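> Coordinates in data.pdb, PDB, C-alpha atoms, are listed below.
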ATOM      1  CA  MET A 131     -20.335   3.834 108.728
ATOM      2  CA  GLN A 132     -19.376   0.296 107.723
ATOM      3  CA  TYR A 133     -22.927  -0.553 106.711
ATOM      4  CA  ILE A 134     -23.086   2.459 104.406
ATOM      5  CA  LEU A 135     -19.668   1.681 102.919
ATOM      6  CA  THR A 136     -20.577  -1.967 102.391
ATOM      7  CA  SER A 137     -23.930  -1.181 100.802
ATOM      8  CA  ALA A 138     -22.297   1.359  98.479
ATOM      9  CA  VAL A 139     -19.562  -1.079  97.416
ATOM     10  CA  LEU A 140     -21.996  -3.942  96.860
ATOM     11  CA  LEU A 141     -24.445  -1.745  94.963
ATOM     12  CA  MET A 142     -21.665  -0.474  92.688
ATOM     13  CA  CYS A 143     -20.527  -4.043  92.016
ATOM     14  CA  TYR A 144     -24.103  -5.150  91.345
ATOM     15  CA  MET A 145     -24.795  -2.274  88.952
ATOM     16  CA  PHE A 146     -21.527  -2.858  87.090
ATOM     17  CA  PHE A 147     -22.308  -6.509  86.496
ATOM     18  CA  ALA A 148     -25.954  -5.738  85.698
ATOM     19  CA  LEU A 149     -24.599  -3.383  83.045
ATOM     20  CA  LEU A 150     -22.547  -6.254  81.593
ATOM     21  CA  GLU A 151     -25.633  -8.453  81.434
ATOM     22  CA  SER A 152     -28.057  -5.908  80.000
ATOM     23  CA  GLU A 153     -29.353  -5.844  76.465
ATOM     24  CA  TRP A 154     -29.257  -2.455  74.805
ATOM     25  CA  ASP A 155     -32.807  -1.731  73.789
ATOM     26  CA  PHE A 156     -35.336   0.691  75.240
ATOM     27  CA  VAL A 157     -37.097  -1.801  77.514
ATOM     28  CA  ALA A 158     -33.810  -3.088  78.940
ATOM     29  CA  LEU A 159     -32.612   0.457  79.535
ATOM     30  CA  ILE A 160     -35.776   1.258  81.509
ATOM     31  CA  GLY A 161     -35.272  -1.932  83.507
ATOM     32  CA  TYR A 162     -31.649  -1.047  84.145
ATOM     33  CA  VAL A 163     -32.435   2.476  85.319
ATOM     34  CA  LEU A 164     -35.569   1.718  87.367
ATOM     35  CA  PHE A 165     -35.513  -1.856  88.581
ATOM     36  CA  GLN A 166     -31.886  -2.916  88.806
ATOM     37  CA  PRO A 167     -31.031  -0.405  91.573
ATOM     38  CA  LEU A 168     -33.973  -1.661  93.635
ATOM     39  CA  ILE A 169     -32.917  -5.275  93.158
ATOM     40  CA  GLY A 170     -29.310  -4.321  93.957
ATOM     41  CA  ILE A 171     -30.313  -2.563  97.176
ATOM     42  CA  PHE A 172     -32.427  -5.541  98.261
ATOM     43  CA  ILE A 173     -29.652  -8.055  97.555
ATOM     44  CA  SER A 174     -27.088  -5.808  99.247
ATOM     45  CA  ILE A 175     -29.209  -5.561 102.407
ATOM     46  CA  LEU A 176     -29.656  -9.334 102.511
ATOM     47  CA  THR A 177     -25.914  -9.820 102.030
ATOM     48  CA  ILE A 178     -25.090  -7.347 104.789
ATOM     49  CA  LEU A 179     -27.484  -9.082 107.194
ATOM     50  CA  LEU A 180     -25.982 -12.482 106.435
ATOM     51  CA  CYS A 181     -22.396 -11.197 106.708
ATOM     52  CA  ALA A 182     -23.217  -9.413 109.983
ATOM     53  CA  ILE A 183     -24.583 -12.637 111.452
ATOM     54  CA  VAL A 184     -21.572 -14.650 110.288
ATOM     55  CA  GLY A 185     -19.215 -11.952 111.604
ATOM     56  CA  LEU A 186     -20.781 -11.710 115.070
ATOM     57  CA  PRO A 187     -17.837 -13.519 116.713
ATOM     58  CA  ILE A 188     -15.505 -10.796 115.418
ATOM     59  CA  ARG A 189     -17.724  -8.102 116.874
ATOM     60  CA  LEU A 190     -18.587  -9.773 120.198
ATOM     61  CA  ASN A 191     -15.286 -11.391 121.201
ATOM     62  CA  SER A 192     -13.118  -8.530 122.466
ATOM     63  CA  LYS A 193      -9.759 -10.270 121.879
ATOM     64  CA  LEU A 194     -10.703 -11.268 118.353
ATOM     65  CA  ASN A 195     -12.115  -7.785 117.709
ATOM     66  CA  ILE A 196      -8.882  -6.105 118.853
ATOM     67  CA  TRP A 197      -6.798  -8.480 116.720
ATOM     68  CA  TRP A 198      -9.042  -7.970 113.675
ATOM     69  CA  THR A 199      -8.956  -4.190 114.146
ATOM     70  CA  LYS A 200      -5.167  -4.119 114.357
ATOM     71  CA  ASN A 201      -4.787  -6.367 111.305
ATOM     72  CA  TYR A 202      -7.152  -4.491 108.997
ATOM     73  CA  ILE A 203      -4.914  -5.426 106.055
ATOM     74  CA  ILE A 204      -6.658  -8.835 106.111
ATOM     75  CA  SER A 205      -9.949  -7.141 105.252
ATOM     76  CA  ALA A 206      -8.305  -5.046 102.546
ATOM     77  CA  LEU A 207      -6.769  -8.152 100.965
ATOM     78  CA  GLY A 208     -10.122  -9.938 101.268
ATOM     79  CA  ILE A 209     -11.859  -7.107  99.402
ATOM     80  CA  LEU A 210      -9.213  -7.250  96.693
ATOM     81  CA  THR A 211      -9.602 -11.035  96.457
ATOM     82  CA  GLY A 212     -13.397 -10.751  96.251
ATOM     83  CA  VAL A 213     -13.265  -8.192  93.452
ATOM     84  CA  THR A 214     -10.703 -10.364  91.650
ATOM     85  CA  LEU A 215     -13.101 -13.322  91.886
ATOM     86  CA  PHE A 216     -15.812 -11.104  90.369
ATOM     87  CA  PHE A 217     -13.710 -10.367  87.335
ATOM     88  CA  LEU A 218     -12.437 -13.930  87.014
ATOM     89  CA  SER A 219     -16.024 -15.152  86.827
ATOM     90  CA  TYR A 220     -16.304 -13.305  83.496
ATOM     91  CA  LYS A 221     -12.963 -14.439  82.043
ATOM     92  CA  HIS A 222     -13.358 -16.612  78.970
ATOM     93  CA  GLN A 223     -11.658 -19.573  80.721
ATOM     94  CA  PHE A 224     -14.445 -19.731  83.305
ATOM     95  CA  VAL A 225     -17.637 -18.660  81.508
ATOM     96  CA  THR A 226     -20.130 -21.015  79.907
ATOM     97  CA  THR A 227     -22.517 -20.454  77.038
ATOM     98  CA  GLN A 228     -26.213 -21.048  77.361
ATOM     99  CA  LYS A 229     -28.802 -21.191  74.614
ATOM    100  CA  ILE A 230     -31.762 -18.918  75.202
ATOM    101  CA  GLU A 231     -34.780 -18.064  73.094
ATOM    102  CA  ILE A 232     -35.369 -14.386  72.302
ATOM    103  CA  ASP A 233     -38.270 -13.481  69.992
ATOM    104  CA  GLY A 234     -38.472 -17.046  68.703
ATOM    105  CA  PHE A 235     -34.773 -17.265  67.806
ATOM    106  CA  MET A 236     -32.216 -19.332  69.668
ATOM    107  CA  GLN A 237     -29.171 -17.323  70.726
ATOM    108  CA  ASP A 238     -26.043 -18.104  72.662
ATOM    109  CA  ARG A 239     -25.562 -16.139  75.853
ATOM    110  CA  ILE A 240     -22.408 -16.028  77.927
ATOM    111  CA  VAL A 241     -23.032 -16.924  81.563
ATOM    112  CA  PRO A 242     -20.437 -16.143  84.239
ATOM    113  CA  ASN A 243     -19.059 -18.773  86.560
ATOM    114  CA  TRP A 244     -21.583 -18.598  89.399
ATOM    115  CA  THR A 245     -19.256 -20.167  91.969
ATOM    116  CA  LEU A 246     -16.631 -17.472  91.477
ATOM    117  CA  LEU A 247     -19.231 -14.709  91.251
ATOM    118  CA  ILE A 248     -21.079 -15.633  94.456
ATOM    119  CA  SER A 249     -17.840 -16.317  96.341
ATOM    120  CA  GLY A 250     -16.499 -12.923  95.297
ATOM    121  CA  TRP A 251     -19.772 -11.238  96.227
ATOM    122  CA  PHE A 252     -19.878 -12.617  99.762
ATOM    123  CA  LEU A 253     -16.135 -12.216 100.340
ATOM    124  CA  THR A 254     -16.306  -8.572  99.266
ATOM    125  CA  GLY A 255     -19.387  -7.986 101.406
ATOM    126  CA  PHE A 256     -17.969  -9.688 104.500
ATOM    127  CA  MET A 257     -14.571  -8.050 104.324
ATOM    128  CA  THR A 258     -15.986  -4.590 103.601
ATOM    129  CA  LEU A 259     -18.443  -4.921 106.471
ATOM    130  CA  HIS A 260     -15.629  -5.944 108.804
ATOM    131  CA  LEU A 261     -13.096  -3.372 107.655
ATOM    132  CA  PHE A 262     -12.409  -1.597 110.933
ATOM    133  CA  ILE A 263     -10.003   1.000 109.585
ATOM    134  CA  PHE A 264     -12.407   3.763 110.645
ATOM    135  CA  LYS A 265     -12.823   2.309 114.133
ATOM    136  CA  ARG A 266      -9.068   2.277 114.608
ATOM    137  CA  LYS A 267      -8.806   5.982 113.749
ATOM    138  CA  VAL A 268     -11.699   6.882 116.062
ATOM    139  CA  GLU A 269     -10.223   4.912 118.965
ATOM    140  CA  SER A 270      -6.793   6.493 118.502
ATOM    141  CA  LYS A 271      -8.374  10.001 118.597
ATOM    142  CA  ASN A 272     -10.289   9.128 121.775
ATOM    143  CA  ALA A 273      -7.133   7.829 123.441
ATOM    144  CA  VAL A 274      -5.414  11.223 123.156
TER
END
Please, can you express the file's structure as structure tokens?

Amino acid sequence: MQYILTSAVLLMCYMFFALLESEWDFVALIGYVLFQPLIGIFISILTILLCAIVGLPIRLNSKLNIWWTKNYIISALGILTGVTLFFLSYKHQFVTTQKIEIDGFMQDRIVPNWTLLISGWFLTGFMTLHLFIFKRKVESKNAV
């Protein structure tokens, strides 16, 4: 359940920010509709694998797992912090401009702060993957 939730959250975040970066012409629209979801799924799977490996101590250590499960608010705050970092990476205080050439003309393009964007991405992925709110409900039903 957590893998599906995490992949859905990461894919939605990826598609939202791909929408911010897209150019609005026919070719870009085709790329957005056809290729961006495939790239988003691939990056989401890689992120989930990396976050699962990093989070193995939480899953394998029973004391840490019980503590983490009881204090699921940490994961919820981590998700909120990660999404906040996403949006801060696009704030005008943190973005940079980059000159790119399109059709022989130099244009300025706004580039997000990659440190904030990548930190927010992995924090959101890790905390969503390790959000054990569903596990807590299942265990409480089994205990009855």
> Expressed in Å to a single decimal, how great is the separation between atom CA of Thr214 of chain A and atom CA of Phe172 of chain A?
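Atom CA of Phe172 of chain A lies at a distance of 23.2 Å from atom CA of Thr214 of chain A.
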> Taking into account only C-alpha atoms, which residue in the set A:Thr177, A:Ser219, A:Asn201, A:Gln166 is nearest to Phe262 of chain A?
A:Asn201
> Please report the interatomic distance between atom CA of Asn195 of chain A and atom CA of Val139 of chain A in Å with one decimal.
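Calculated distance between atom CA of Asn195 of chain A and atom CA of Val139 of chain A is 22.6 Å.
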> Evaluated on this file, the PyMOL selection byres ((chain A and resi 140) around 9) picks out some residues - which ones are they, written as a list in words?
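Applying the PyMOL selection byres ((chain A and resi 140) around 9) to the structure shown produces Leu135, Thr136, Ser137, Ala138, Val139, Leu141, Met142, Cys143, Tyr144, Met145, Gly170, Ile171, Ile173, Ser174, Thr177, Trp251, Thr254 and Gly255 of chain A.
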> May I ask for the distance between atom CA of Thr211 of chain A and atom CA of Phe256 of chain A, given in Å to one decimal place?
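Straight-line distance from atom CA of Thr211 of chain A to atom CA of Phe256 of chain A works out to 11.7 Å.
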> Calculated over only C-alpha atoms, which of the candidates A:Pro167, A:Pro187, A:Gly161, A:Pro242 has the smallest distance to Gln223 of chain A?
A:Pro242
> Name all residues at most 9 Å from Thr199 of chain A (count only C-alpha atoms; drop same-chain ones fewer than 3 positions away) and give them as a compact mmCIF listing (two decimals) with C-alpha atoms, keeping the file's coordinate frame.

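Once everything was written out, this is out_26.txt:
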# COMPACT_ATOMS: atom_id res chain seq x y z
CA LEU A 194 -10.70 -11.27 118.35
CA ASN A 195 -12.12 -7.78 117.71
CA ILE A 196 -8.88 -6.10 118.85
CA TYR A 202 -7.15 -4.49 109.00
CA HIS A 260 -15.63 -5.94 108.80
CA LEU A 261 -13.10 -3.37 107.66
CA PHE A 262 -12.41 -1.60 110.93
CA ILE A 263 -10.00 1.00 109.58
CA LYS A 265 -12.82 2.31 114.13
CA ARG A 266 -9.07 2.28 114.61
